[in-house]
Protein chains: 2
Amino acid sequence: MEKVTVSIITIGDELLIGQVIDTNSAWMAQQLNKAGLWVQHRVAVGDVADDIWNALDEEGKRSDIILITGGLGPTADDITKPLLCKYFGGTMILDEPTLAHVTYLFEHVFKRPMPMLDRNRKQAEVPDVCTVLKNRVGTAPGMLFEKEGKIFISMPGVPHEMKGIMQDSVLPLLKERFKLPYIGHRTLITFGVGESMLAEQIKDWEEALPPFLKLAYLPNYGMVRLRLTASREKEATDRTLDEEFAKLKALVKDVLVVDEDITMEQLVGRLLKEHNKTLSTAESCTGGYIAHLITAVPGASNYFRGSVVSYDNSIKKSVLKVKENTLQSVGAVSEETVKEMTKGVLEVMGTDYAVAVSGIMGPDGGTPEKPVGTAWIAVGNNTKIEAKKLHFRFERVKNIELTAMNALNMLRLFMLENS
Amino acid sequence: MEKVTVSIITIGDELLIGQVIDTNSAWMAQQLNKAGLWVQHRVAVGDVADDIWNALDEEGKRSDIILITGGLGPTADDITKPLLCKYFGGTMILDEPTLAHVTYLFEHVFKRPMPMLDRNRKQAEVPDVCTVLKNRVGTAPGMLFEKEGKIFISMPGVPHEMKGIMQDSVLPLLKERFKLPYIGHRTLITFGVGESMLAEQIKDWEEALPPFLKLAYLPNYGMVRLRLTASREKEATDRTLDEEFAKLKALVKDVLVVDEDITMEQLVGRLLKEHNKTLSTAESCTGGYIAHLITAVPGASNYFRGSVVSYDNSIKKSVLKVKENTLQSVGAVSEETVKEMTKGVLEVMGTDYAVAVSGIMGPDGGTPEKPVGTAWIAVGNNTKIEAKKLHFRFERVKNIELTAMNALNMLRLFMLENS
């Protein structure tokens with residue numbers, strides 16, 4: 001089985017001046033990889049005809065499949081469709097099924113009073129040399145072209161439209177067309193140990209790995225994800241991956257969080273659900289971010305009751321019953337305060353577990369005793385509350401994210417020890 | 001003044017299998033653009049020697065400056081440094097100042113018990129043909145190479161390390177080396193009108209724009225950012241941009257949010273601060289996300305008191321005093337509930353303004369009367385509370401984000417009308 005290679009081309013000035021972060025490519029790469037396709041190159045170009053043309057030439061030489069997103073909107077800055085038409089030697093024609101679909105969207109789906117304009121109607125025009133791929137949720141259809149044995153597929157850049165076309169058409173079509181090899185991954189997550197230390201700990205094992213196994217280190221938010229990858233015949237690949245993954249897990253067992261590629265908030269949610277327990281949070285410096293992470297997981301209402309974001313000290317006192325004396329004597333960023341916040345939110349929300357945080361995230365507000373980046377985290381239930389002080393040395397949003405991630409990890413450990 | 005062009009190369013398998021979203025490139029592009037440098041191409045390649053080598057060749061032909069991130073970590077999957085050494089024809093040597101800095105970081109900055117390992121010491125080794133760029137916050141230094149009149153700069157992929165090297169060394173150095181042209185932007189933000197309608201509204205003006213002005217449409221979360229760009233002599237550019245921007249503002253005045261490139265939460269924060277008012281939120285379906293957006297802005301403690309995330313109905317009753325009868329008769333996702341939540345949180349938090357939301361974000365929980373995507377939003381002060389029902393048709397996280405953004409916009413309009 002040969003390796004089927006993919007290039008992703010994203011089009012749009014907004015990517016090159018940094019006004020937009022490209023989240024599409026990561027999602028596409030994940031899906032393609034799962035299907036056994038090898039993304040080997042990603043390119044971003046501006047709304048510049050020559051640059052798009054060259055990218056088509058270059059990536060067409062490089063890869064078997066070229067996926068293109070962006071540049072298909074209804075406005076004048078989008079030059080991609082006529083360019084594709086010229087590149088593949090076609091003529092623009094009106095595609096009746098697409099027009100019917102665009103009309104349907106305007107009449108039945110787009111709820112706001114939104115008349116259909118000429119420029120919307122124009123979105124049903126496509127090069128006669130393409131196969132139209134239906135865009136269920138939007139007006140710009142996907143388009144498939146073939147040239148010199150290579151497949152080019154153009155999709156709109158709006159994430160949910162691109163995702164719909166990928167799932168409805170592109171992935172099924174590519175799976176049918178190619179005999180795709182198997183690509184296997186095993187991922188585990190560690191917490192609280194740096195990349196270097198981890199590498200040192202698994203050095204001998206790593207050096208003895210069969211050459212067709214690849215190990216990657218992905219550090220993020222105090223965690224390191226370790227990913228083993230191989231691509232061979234499915235059964236042999238899975239067997240070797242399982243064997244080596246078992247050894248790896250044993251080597252890192254002291255810092256192992258989970259042996260799957262899931263998020264900390266998914267894991268915490270799963271633990272709560274399994275033990276049939278409920279959670280609440282009391283957040284000062286994280287401002288609701290922990291609650292947001294937890295509730296971004298579908299089904300969170302099964303275990304999450306709520307949060308008191310007590311950004312102002314008056315709320316810590318009035319809602320969470322933190323003592324005036326505590327705030328006066330040791331301050332809001334202290335062991336006593338986060339413990340009282342935990343106790344308070346356990347009572348207010350009536351949950352089995354609670355987490356509380358208070359800190360100074362920056363850029364201002366630090367003192368010599370409590371510099372920017374100081375965070376107190378407490379976690380507890382009705383019989384026990386534990387607290388810990390941490391210090392982060394990053395900018396505001398990253399400090400918030402790290403505080404939240406550490407709070408979730410403390411909660412995870414507390415639940416494992418006290419359930 | 002010639003256009004000085006930049007290519008960005010990001011290295012790492014994690015980018016090509018979609019395990020990581022590339023946020024570095026957007027930040028770099030923003031900074032470069034501000035400095036008058038033109039990012040014309042972005043490429044992502046895996047940890048594959050041939051692919052990195054080819055990318056250096058190709059981008060070296062394409063652009064004046066080639067910025068490279070990633071692949072410099074202390075672990076075995078990072079192959080970039082020896083490859084760069086070979087590509088630029090050098091020999092690895094130990095850089096004493098870097099070693100002293102790495103040692104300092106281990107002894108004085110990294111707070112956890114973390115011994116310095118051989119692999120950390122190795123990070124002080126660099127090709128003898130490079131200029132070392134100090135990495136204040138991390139162990140992998142930046143490296144500048146020159147070849148055939150082109151400048152290549154390699155930086156670690158860890159975002160705050162890359163940012164430090166860019167700000168300390170790369171940007172000052174490039175500004176000194178090149179006579180950079182001026183690139184001017186004017187951005188405004190509209191809310192609640194689609195890209196097509198907007199384009200229709202400004203069609204005549206857009207068609208009459210001088211050819212060296214470029215207009216871009218950037219739709220996101222119910223907003224459309226319109227960006228005018230030009231690059232000529234500074235004074236003339238700014239004058240033309242100002243003139244055309246004034247005309248554009250007049251054309252879209254009914255849907256104009258702000259005539260700057262700032263976020264909705266920054267704008268809401270500024271309004272609160274200017275009017276010396278305070279805010280609280282009561283969040284059900286958004287689970288703390290509105291509070292998070294608001295508190296991610298530095299200085300939010302000046303106007304934000306807190307939030308009650310009443311995910312469970314029991315919290316709506318106990319903390320926010322939503323009536324049992326309301327929940328029984330019209331349910332948690334209703335005009336009455338969000339209005340009572342608003343009233344409740346105004347009382348609990350003692351703020352001037354409050355926002356409340358309740359909805360069904362999916363994937364489950366919808367009913368024929370209240371399908372997935374239904375969101376009720378209320379906003380008010382002590383004399384008036386207004387509510388509105390919206391419906392979104394996306395997946396969970398996007399529905400949450402859209403609900404939050406609409407709530408912030410309703411708050412903005414309410415403040416403007418009732419201050």
# chains A, B, ... in the order shown; residues from 1 in each chain; ligands from 1
$ calpha_fit_and_write --fixed "chain A" --moving "chain B" --output "short mmCIF file (atom, residue, chain, number, x, y, z; two decimals) with C-alpha atoms, in the first residue's frame"
data_model
loop_
_atom_site.label_atom_id
_atom_site.label_comp_id
_atom_site.auth_asym_id
_atom_site.auth_seq_id
_atom_site.Cartn_x
_atom_site.Cartn_y
_atom_site.Cartn_z
CA MET B 1 0.06 0.01 -0.02
CA GLU B 2 1.54 3.30 -1.06
CA LYS B 3 1.47 6.42 1.10
CA VAL B 4 -1.21 8.76 -0.19
CA THR B 5 -0.07 12.33 0.38
CA VAL B 6 -2.06 15.49 0.92
CA SER B 7 -1.26 19.19 0.72
CA ILE B 8 -3.54 21.76 2.30
CA ILE B 9 -3.69 25.23 0.76
CA THR B 10 -5.46 27.96 2.71
CA ILE B 11 -6.27 31.18 0.89
CA GLY B 12 -6.83 34.58 2.42
CA ASP B 13 -4.95 37.77 3.26
CA GLU B 14 -6.39 37.56 6.78
CA LEU B 15 -4.12 34.54 7.41
CA LEU B 16 -1.01 36.40 6.29
CA ILE B 17 -1.59 39.54 8.31
CA GLY B 18 -2.52 37.45 11.32
CA GLN B 19 -6.09 38.67 11.71
CA VAL B 20 -7.35 35.10 11.79
CA ILE B 21 -5.92 31.93 13.33
CA ASP B 22 -6.11 28.94 11.02
CA THR B 23 -8.09 26.31 12.92
CA ASN B 24 -9.35 24.60 9.74
CA SER B 25 -6.05 22.99 8.83
CA ALA B 26 -5.69 21.24 12.18
CA TRP B 27 -9.20 19.79 11.99
CA MET B 28 -8.71 18.68 8.39
CA ALA B 29 -5.36 17.10 9.20
CA GLN B 30 -6.91 15.14 12.08
CA GLN B 31 -9.65 13.73 9.90
CA LEU B 32 -7.35 12.93 7.00
CA ASN B 33 -4.87 11.26 9.30
CA LYS B 34 -7.57 9.09 10.83
CA ALA B 35 -8.54 7.99 7.33
CA GLY B 36 -4.95 6.94 6.55
CA LEU B 37 -3.97 9.98 4.49
CA TRP B 38 -0.63 11.66 5.04
CA VAL B 39 -0.69 15.46 5.22
CA GLN B 40 2.85 16.39 4.26
CA HIS B 41 2.58 20.09 3.55
CA ARG B 42 0.41 23.02 4.53
CA VAL B 43 0.59 26.36 2.77
CA ALA B 44 -1.13 29.67 3.35
CA VAL B 45 -1.25 32.26 0.57
CA GLY B 46 -2.95 35.64 0.26
CA ASP B 47 -5.72 36.73 -2.10
CA VAL B 48 -3.15 37.19 -4.86
CA ALA B 49 -3.78 35.46 -8.18
CA ASP B 50 -0.13 34.62 -8.93
CA ASP B 51 0.45 33.21 -5.47
CA ILE B 52 -2.64 31.00 -5.63
CA TRP B 53 -1.68 29.82 -9.12
CA ASN B 54 1.87 28.97 -8.00
CA ALA B 55 0.59 27.16 -4.93
CA LEU B 56 -1.63 24.99 -7.15
CA ASP B 57 1.37 24.22 -9.36
CA GLU B 58 3.74 23.47 -6.51
CA GLU B 59 1.41 21.41 -4.35
CA GLY B 60 0.10 19.59 -7.45
CA LYS B 61 3.67 18.39 -8.04
CA ARG B 62 4.19 17.52 -4.39
CA SER B 63 1.09 15.59 -3.32
CA ASP B 64 -1.59 13.22 -4.59
CA ILE B 65 -4.45 15.24 -3.16
CA ILE B 66 -4.62 19.02 -2.80
CA LEU B 67 -7.29 20.42 -0.48
CA ILE B 68 -7.98 24.13 -0.76
CA THR B 69 -10.01 26.27 1.65
CA GLY B 70 -11.04 29.90 1.56
CA GLY B 71 -11.57 32.56 -1.05
CA LEU B 72 -15.09 31.46 -2.04
CA GLY B 73 -17.21 34.08 -0.27
CA PRO B 74 -19.78 36.28 -1.98
CA THR B 75 -17.67 39.45 -1.82
CA ALA B 76 -15.24 41.10 -4.19
CA ASP B 77 -12.09 40.17 -2.29
CA ASP B 78 -12.64 36.54 -3.16
CA ILE B 79 -10.88 35.78 -6.43
CA THR B 80 -10.46 32.04 -6.12
CA LYS B 81 -13.36 30.60 -8.13
CA PRO B 82 -12.62 32.31 -11.48
CA LEU B 83 -8.95 31.51 -10.97
CA LEU B 84 -9.68 27.81 -10.43
CA CYS B 85 -11.88 27.87 -13.53
CA LYS B 86 -9.00 29.23 -15.59
CA TYR B 87 -6.39 26.94 -13.99
CA PHE B 88 -8.36 23.82 -14.83
CA GLY B 89 -9.41 25.12 -18.25
CA GLY B 90 -13.16 25.44 -17.75
CA THR B 91 -16.03 27.85 -18.32
CA MET B 92 -18.36 29.13 -15.63
CA ILE B 93 -21.86 27.67 -15.75
CA LEU B 94 -24.87 27.87 -13.48
CA ASP B 95 -25.33 24.70 -11.43
CA GLU B 96 -29.11 24.26 -11.05
CA PRO B 97 -29.06 21.96 -7.97
CA THR B 98 -26.77 24.44 -6.19
CA LEU B 99 -29.07 27.34 -7.11
CA ALA B 100 -32.06 25.39 -5.77
CA HIS B 101 -30.13 24.73 -2.56
CA VAL B 102 -29.03 28.37 -2.14
CA THR B 103 -32.65 29.46 -2.67
CA TYR B 104 -33.82 26.90 -0.10
CA LEU B 105 -31.30 28.16 2.47
CA PHE B 106 -32.47 31.74 2.01
CA GLU B 107 -36.14 30.82 2.22
CA HIS B 108 -36.11 28.23 4.98
CA VAL B 109 -32.86 28.19 6.98
CA PHE B 110 -31.44 31.69 7.33
CA LYS B 111 -33.88 33.01 9.90
CA ARG B 112 -33.07 36.70 9.82
CA PRO B 113 -34.82 38.79 7.19
CA MET B 114 -32.25 38.30 4.48
CA PRO B 115 -33.13 38.83 0.84
CA MET B 116 -31.29 36.72 -1.69
CA LEU B 117 -29.00 38.93 -3.75
CA ASP B 118 -27.38 38.57 -7.14
CA ARG B 119 -24.10 37.89 -5.41
CA ASN B 120 -25.67 34.99 -3.55
CA ARG B 121 -27.14 33.63 -6.78
CA LYS B 122 -23.66 33.82 -8.30
CA GLN B 123 -22.46 31.32 -5.72
CA ALA B 124 -24.33 28.67 -7.71
CA GLU B 125 -22.00 29.31 -10.68
CA VAL B 126 -19.19 26.78 -10.99
CA PRO B 127 -16.56 25.82 -13.56
CA ASP B 128 -17.97 23.20 -15.97
CA VAL B 129 -14.88 21.04 -15.40
CA CYS B 130 -15.58 20.41 -11.73
CA THR B 131 -17.69 17.96 -9.79
CA VAL B 132 -19.89 19.91 -7.38
CA LEU B 133 -19.77 18.83 -3.72
CA LYS B 134 -22.87 19.96 -1.86
CA ASN B 135 -22.49 22.41 1.03
CA ARG B 136 -25.43 21.50 3.24
CA VAL B 137 -25.12 24.49 5.58
CA GLY B 138 -23.88 27.26 3.30
CA THR B 139 -24.11 28.78 -0.13
CA ALA B 140 -20.63 28.18 -1.57
CA PRO B 141 -20.38 24.60 -2.90
CA GLY B 142 -17.25 22.47 -2.79
CA MET B 143 -15.61 21.75 -6.15
CA LEU B 144 -13.53 18.76 -7.20
CA PHE B 145 -11.08 19.01 -10.08
CA GLU B 146 -8.69 16.46 -11.56
CA LYS B 147 -5.46 17.28 -13.37
CA GLU B 148 -2.59 15.02 -14.37
CA GLY B 149 -3.74 12.30 -12.01
CA LYS B 150 -3.98 14.64 -9.03
CA ILE B 151 -7.17 15.52 -7.18
CA PHE B 152 -7.83 19.15 -6.23
CA ILE B 153 -10.77 19.99 -3.94
CA SER B 154 -11.80 23.56 -3.17
CA MET B 155 -13.98 24.34 -0.14
CA PRO B 156 -15.16 27.53 1.58
CA GLY B 157 -13.13 28.71 4.56
CA VAL B 158 -16.06 29.02 6.97
CA PRO B 159 -15.23 26.21 9.44
CA HIS B 160 -18.63 24.55 9.77
CA GLU B 161 -19.19 24.67 6.01
CA MET B 162 -15.79 23.14 5.30
CA LYS B 163 -16.41 20.46 7.95
CA GLY B 164 -19.77 19.55 6.43
CA ILE B 165 -18.31 19.13 2.93
CA MET B 166 -15.37 17.11 4.28
CA GLN B 167 -17.66 14.73 6.15
CA ASP B 168 -20.40 14.46 3.54
CA SER B 169 -18.26 14.21 0.43
CA VAL B 170 -14.49 14.52 0.62
CA LEU B 171 -13.62 11.80 3.15
CA PRO B 172 -16.01 9.14 1.75
CA LEU B 173 -14.84 9.91 -1.77
CA LEU B 174 -11.12 9.65 -0.94
CA LYS B 175 -11.63 6.44 1.02
CA GLU B 176 -13.38 4.96 -1.99
CA ARG B 177 -10.84 6.17 -4.50
CA PHE B 178 -7.64 5.13 -2.72
CA LYS B 179 -6.57 1.95 -1.01
CA LEU B 180 -5.48 3.77 2.12
CA PRO B 181 -2.81 2.47 4.47
CA TYR B 182 -3.45 2.19 8.18
CA ILE B 183 -1.96 4.86 10.43
CA GLY B 184 -2.00 3.98 14.12
CA HIS B 185 -1.49 6.33 17.06
CA ARG B 186 -1.26 5.82 20.81
CA THR B 187 -1.26 8.92 22.97
CA LEU B 188 -0.86 9.38 26.71
CA ILE B 189 -0.81 12.49 28.83
CA THR B 190 1.49 13.32 31.74
CA PHE B 191 1.22 16.24 34.13
CA GLY B 192 3.75 18.17 36.14
CA VAL B 193 7.00 17.00 34.63
CA GLY B 194 8.97 18.80 31.93
CA GLU B 195 9.73 17.51 28.46
CA SER B 196 13.45 17.02 29.21
CA MET B 197 12.94 15.10 32.44
CA LEU B 198 10.39 12.92 30.75
CA ALA B 199 12.73 12.23 27.85
CA GLU B 200 15.45 11.28 30.33
CA GLN B 201 13.09 8.92 32.14
CA ILE B 202 12.21 7.01 28.97
CA LYS B 203 15.55 7.34 27.16
CA ASP B 204 16.54 3.65 27.08
CA TRP B 205 13.11 2.57 25.94
CA GLU B 206 12.96 5.31 23.28
CA GLU B 207 16.37 4.39 21.87
CA ALA B 208 15.35 0.74 21.59
CA LEU B 209 12.12 1.49 19.67
CA PRO B 210 11.70 -0.25 16.29
CA PRO B 211 12.59 2.30 13.59
CA PHE B 212 9.08 2.38 12.11
CA LEU B 213 7.67 3.66 15.41
CA LYS B 214 7.84 7.40 15.87
CA LEU B 215 7.60 9.13 19.24
CA ALA B 216 6.57 12.77 19.59
CA TYR B 217 6.57 15.06 22.64
CA LEU B 218 3.82 17.69 22.77
CA PRO B 219 4.16 19.90 25.84
CA ASN B 220 1.23 22.19 26.74
CA TYR B 221 -0.14 23.75 29.94
CA GLY B 222 2.01 21.73 32.32
CA MET B 223 1.09 18.55 30.50
CA VAL B 224 3.15 16.59 28.01
CA ARG B 225 1.35 14.45 25.47
CA LEU B 226 3.47 11.54 24.24
CA ARG B 227 2.37 10.17 20.91
CA LEU B 228 3.53 6.92 19.32
CA THR B 229 2.81 6.59 15.60
CA ALA B 230 3.27 3.81 13.08
CA SER B 231 1.97 2.98 9.65
CA ARG B 232 2.18 -0.62 8.43
CA GLU B 233 -0.19 -3.49 8.02
CA LYS B 234 -2.97 -2.91 10.58
CA GLU B 235 -2.68 -5.98 12.76
CA ALA B 236 1.10 -5.89 13.14
CA THR B 237 1.05 -2.13 13.67
CA ASP B 238 -1.55 -2.33 16.40
CA ARG B 239 0.22 -5.19 18.13
CA THR B 240 3.59 -3.40 18.20
CA LEU B 241 1.98 -0.12 19.23
CA ASP B 242 0.13 -1.83 22.07
CA GLU B 243 3.28 -3.57 23.31
CA GLU B 244 5.44 -0.45 23.27
CA PHE B 245 2.65 1.70 24.66
CA ALA B 246 2.30 -0.65 27.63
CA LYS B 247 6.02 -0.32 28.34
CA LEU B 248 5.81 3.47 28.04
CA LYS B 249 2.87 3.63 30.43
CA ALA B 250 4.80 1.64 33.02
CA LEU B 251 7.79 3.97 32.69
CA VAL B 252 5.78 7.17 33.26
CA LYS B 253 3.18 5.76 35.67
CA ASP B 254 3.99 8.27 38.42
CA VAL B 255 3.03 11.24 36.25
CA LEU B 256 0.48 9.56 33.98
CA VAL B 257 -2.86 11.33 33.70
CA VAL B 258 -4.59 9.23 31.09
CA ASP B 259 -3.67 6.85 28.28
CA GLU B 260 -5.94 8.47 25.70
CA ASP B 261 -5.87 11.67 23.69
CA ILE B 262 -8.63 13.44 25.60
CA THR B 263 -8.70 16.76 27.41
CA MET B 264 -8.33 17.22 31.15
CA GLU B 265 -11.91 18.53 31.36
CA GLN B 266 -13.26 15.49 29.52
CA LEU B 267 -11.37 13.25 31.94
CA VAL B 268 -12.64 15.09 35.01
CA GLY B 269 -16.18 14.91 33.62
CA ARG B 270 -15.85 11.19 33.06
CA LEU B 271 -14.62 10.59 36.61
CA LEU B 272 -17.51 12.57 38.05
CA LYS B 273 -20.02 10.71 35.92
CA GLU B 274 -18.55 7.29 36.76
CA HIS B 275 -18.71 8.00 40.47
CA ASN B 276 -22.06 9.74 40.18
CA LYS B 277 -20.74 12.86 41.90
CA THR B 278 -21.38 16.57 41.40
CA LEU B 279 -19.04 19.53 41.12
CA SER B 280 -19.07 23.29 41.61
CA THR B 281 -16.36 25.93 41.30
CA ALA B 282 -15.59 29.20 43.06
CA GLU B 283 -13.41 31.31 40.82
CA SER B 284 -11.70 34.58 41.37
CA CYS B 285 -8.68 35.02 39.08
CA THR B 286 -9.82 32.48 36.47
CA GLY B 287 -13.05 34.46 36.06
CA GLY B 288 -15.25 31.52 35.02
CA TYR B 289 -12.72 29.81 32.78
CA ILE B 290 -12.76 26.54 34.75
CA ALA B 291 -16.57 26.45 34.57
CA HIS B 292 -16.34 27.19 30.85
CA LEU B 293 -13.92 24.31 30.23
CA ILE B 294 -16.15 21.92 32.14
CA THR B 295 -19.37 23.03 30.44
CA ALA B 296 -17.86 22.96 26.96
CA VAL B 297 -18.04 19.15 27.27
CA PRO B 298 -21.43 17.76 26.12
CA GLY B 299 -23.41 16.26 28.98
CA ALA B 300 -21.75 18.43 31.66
CA SER B 301 -25.18 19.11 33.17
CA ASN B 302 -25.05 15.55 34.53
CA TYR B 303 -22.37 16.47 37.05
CA PHE B 304 -21.76 20.22 37.04
CA ARG B 305 -24.08 22.37 39.16
CA GLY B 306 -22.52 25.79 38.74
CA SER B 307 -19.96 28.33 39.75
CA VAL B 308 -19.64 31.49 41.77
CA VAL B 309 -17.26 33.82 39.99
CA SER B 310 -16.36 36.02 42.92
CA TYR B 311 -14.15 38.48 41.12
CA ASP B 312 -14.78 41.21 43.64
CA ASN B 313 -14.00 40.61 47.32
CA SER B 314 -17.51 41.72 48.28
CA ILE B 315 -18.88 38.65 46.44
CA LYS B 316 -16.42 36.37 48.24
CA LYS B 317 -17.95 37.61 51.49
CA SER B 318 -21.63 37.90 50.58
CA VAL B 319 -22.10 34.77 48.48
CA LEU B 320 -19.26 32.47 49.54
CA LYS B 321 -19.12 33.54 53.22
CA VAL B 322 -15.39 34.18 53.21
CA LYS B 323 -14.68 35.93 56.51
CA GLU B 324 -13.99 39.66 56.51
CA ASN B 325 -11.20 38.89 58.97
CA THR B 326 -9.55 36.45 56.54
CA LEU B 327 -9.55 38.97 53.71
CA GLN B 328 -8.22 41.67 56.05
CA SER B 329 -5.49 39.61 57.65
CA VAL B 330 -4.10 37.37 54.89
CA GLY B 331 -5.77 38.80 51.79
CA ALA B 332 -7.80 37.36 48.92
CA VAL B 333 -4.85 35.46 47.46
CA SER B 334 -4.20 33.10 50.35
CA GLU B 335 -4.63 29.54 51.53
CA GLU B 336 -7.34 30.55 54.00
CA THR B 337 -9.38 32.42 51.39
CA VAL B 338 -9.42 29.63 48.80
CA LYS B 339 -10.29 27.11 51.51
CA GLU B 340 -13.18 29.27 52.71
CA MET B 341 -14.27 29.78 49.10
CA THR B 342 -14.32 26.00 48.63
CA LYS B 343 -16.35 25.51 51.78
CA GLY B 344 -18.70 28.31 50.75
CA VAL B 345 -19.39 27.02 47.27
CA LEU B 346 -19.87 23.45 48.53
CA GLU B 347 -22.64 24.84 50.74
CA VAL B 348 -24.20 27.21 48.20
CA MET B 349 -24.23 24.64 45.42
CA GLY B 350 -24.68 21.49 47.52
CA THR B 351 -22.15 19.52 45.49
CA ASP B 352 -19.91 16.56 46.36
CA TYR B 353 -16.72 18.28 45.22
CA ALA B 354 -15.64 21.86 44.72
CA VAL B 355 -12.62 23.73 43.40
CA ALA B 356 -11.66 27.30 44.28
CA VAL B 357 -8.96 29.60 42.90
CA SER B 358 -7.66 33.05 43.73
CA GLY B 359 -4.57 34.67 42.27
CA ILE B 360 -2.90 37.54 40.48
CA MET B 361 -2.83 36.94 36.74
CA GLY B 362 -1.24 40.22 35.64
CA PRO B 363 -0.11 42.35 34.04
CA ASP B 364 -0.71 44.51 37.13
CA GLY B 365 -1.62 43.86 40.75
CA GLY B 366 1.51 42.09 41.93
CA THR B 367 3.35 42.85 45.18
CA PRO B 368 6.77 41.67 46.43
CA GLU B 369 5.06 39.01 48.61
CA LYS B 370 2.48 38.05 45.99
CA PRO B 371 4.00 38.67 42.58
CA VAL B 372 2.06 38.46 39.30
CA GLY B 373 1.50 34.78 38.53
CA THR B 374 0.75 33.72 42.11
CA ALA B 375 -2.27 31.41 42.33
CA TRP B 376 -3.81 29.62 45.28
CA ILE B 377 -5.93 26.59 44.43
CA ALA B 378 -8.11 24.59 46.81
CA VAL B 379 -10.08 21.43 46.22
CA GLY B 380 -12.30 19.54 48.62
CA ASN B 381 -15.42 17.75 49.68
CA ASN B 382 -17.46 17.95 52.86
CA THR B 383 -14.83 16.23 54.97
CA LYS B 384 -11.53 17.50 53.59
CA ILE B 385 -10.17 20.58 51.84
CA GLU B 386 -6.62 20.80 50.47
CA ALA B 387 -4.84 23.86 49.09
CA LYS B 388 -1.70 24.56 47.12
CA LYS B 389 0.15 27.65 45.98
CA LEU B 390 1.52 27.85 42.46
CA HIS B 391 3.44 30.44 40.55
CA PHE B 392 3.31 31.06 36.82
CA ARG B 393 5.57 33.38 34.88
CA PHE B 394 3.59 34.08 31.73
CA GLU B 395 1.16 36.68 30.42
CA ARG B 396 -2.39 37.05 31.72
CA VAL B 397 -4.34 34.64 29.52
CA LYS B 398 -1.72 31.90 29.73
CA ASN B 399 -1.56 32.31 33.52
CA ILE B 400 -5.36 31.92 33.63
CA GLU B 401 -5.22 28.81 31.46
CA LEU B 402 -2.43 27.25 33.53
CA THR B 403 -4.24 27.98 36.79
CA ALA B 404 -7.40 26.33 35.42
CA MET B 405 -5.51 23.29 34.16
CA ASN B 406 -3.71 22.84 37.48
CA ALA B 407 -6.99 23.20 39.35
CA LEU B 408 -8.58 20.48 37.21
CA ASN B 409 -5.59 18.21 37.78
CA MET B 410 -5.73 18.77 41.55
CA LEU B 411 -9.43 17.93 41.43
CA ARG B 412 -8.69 14.76 39.46
CA LEU B 413 -6.09 13.60 42.01
CA PHE B 414 -8.34 14.51 44.93
CA MET B 415 -11.22 12.51 43.44
CA LEU B 416 -9.00 9.50 42.87
CA GLU B 417 -7.78 9.62 46.48
CA ASN B 418 -11.10 10.48 48.12
CA SER B 419 -13.85 8.58 46.36
#
$ select_by_dssp --residues "region 71-309 of chain B" --states "strand (DSSP E or B)" --output "PyMOL selection string"
chain B and resi 92-94+125-127+131-133+142-147+150-155+184-191+214-220+223-230+256-258+279-283+304-309
$ select_by_dssp --residues "region 104-207 of chain A" --states "helix (DSSP H, G or I)" --output "PyMOL selection string"
chain A and resi 104-109+118-124+159-177+195-201+203-207
